[in-house]
Amino acid sequence: MFTKEQIDELRLNPYTYHVSNTTIKFTEEFKDAFWRLYLQDMPLRDIVRTLGYDYDVLGEKRVGGFIYNLRKNRLTPEQRVASSSPQRITRPPANTDYTHMYASEAIKNMSAELTYLRQEVEFLKKLSQLEIKKDSED
């Protein structure tokens, strides 16, 4: 819960849309600015501080919930699946736009895509060799 003094301080921030003793709601401008910094791999604590809030006042649980909801709303379903299970190599989605991903997440997805494409090339090489072998036997 926020104290009266904390509520007064939070209300002074232009990114605060609404604050009560238990919740805080942020403006769309805050969400956009937060997302841009998040995609640049800035630590959450630094993002919150850069945007004029005290991380300790907001609390780790509240910031964690905020970023969870923000990711849920900003990432495509394919990006959410890829980021939640990076160890599973599946067919990469067509026309993936890596510019809107968290940098470390984009690297993981690109690595998975590269691994998949290498496996696909090896499969096609073997298939081609079988075709050549079959044609030479006829």
# chains A, B, ... in the order shown; residues from 1 in each chain; ligands from 1

call {"tool": "residues_around", "arguments": {"residues": "A:Phe66", "least_positions_apart": "4", "cutoff": "12 Å", "atoms": "only C-alpha atoms", "output": "list in words"}}
result
Thr23, Ile24, Lys25, Phe26, Phe30, Lys31, Phe34, Trp35, Leu44, Val48, Leu58, Gly59, Glu60, Lys61, Arg62, Leu70, Arg71, Lys72 and Asn73 of chain A

call {"tool": "closest_residue", "arguments": {"among": "A:Asp97, A:Val57, A:Ala106, A:Asp32", "to": "A:Thr3", "atoms": "only C-alpha atoms"}}
result
A:Val57

call {"tool": "select_by_dssp", "arguments": {"residues": "chain A", "states": "helix (DSSP H, G or I)", "output": "MDAnalysis selection string"}}
result
chainID A and resid 4:12 28:39 44:50 55:58 60:74 77:84 98:100 103:137

call {"tool": "atom_distance", "arguments": {"atom1": "atom CA of A:Glu105", "atom2": "atom CA of A:Leu75"}}
result
11.2 Å
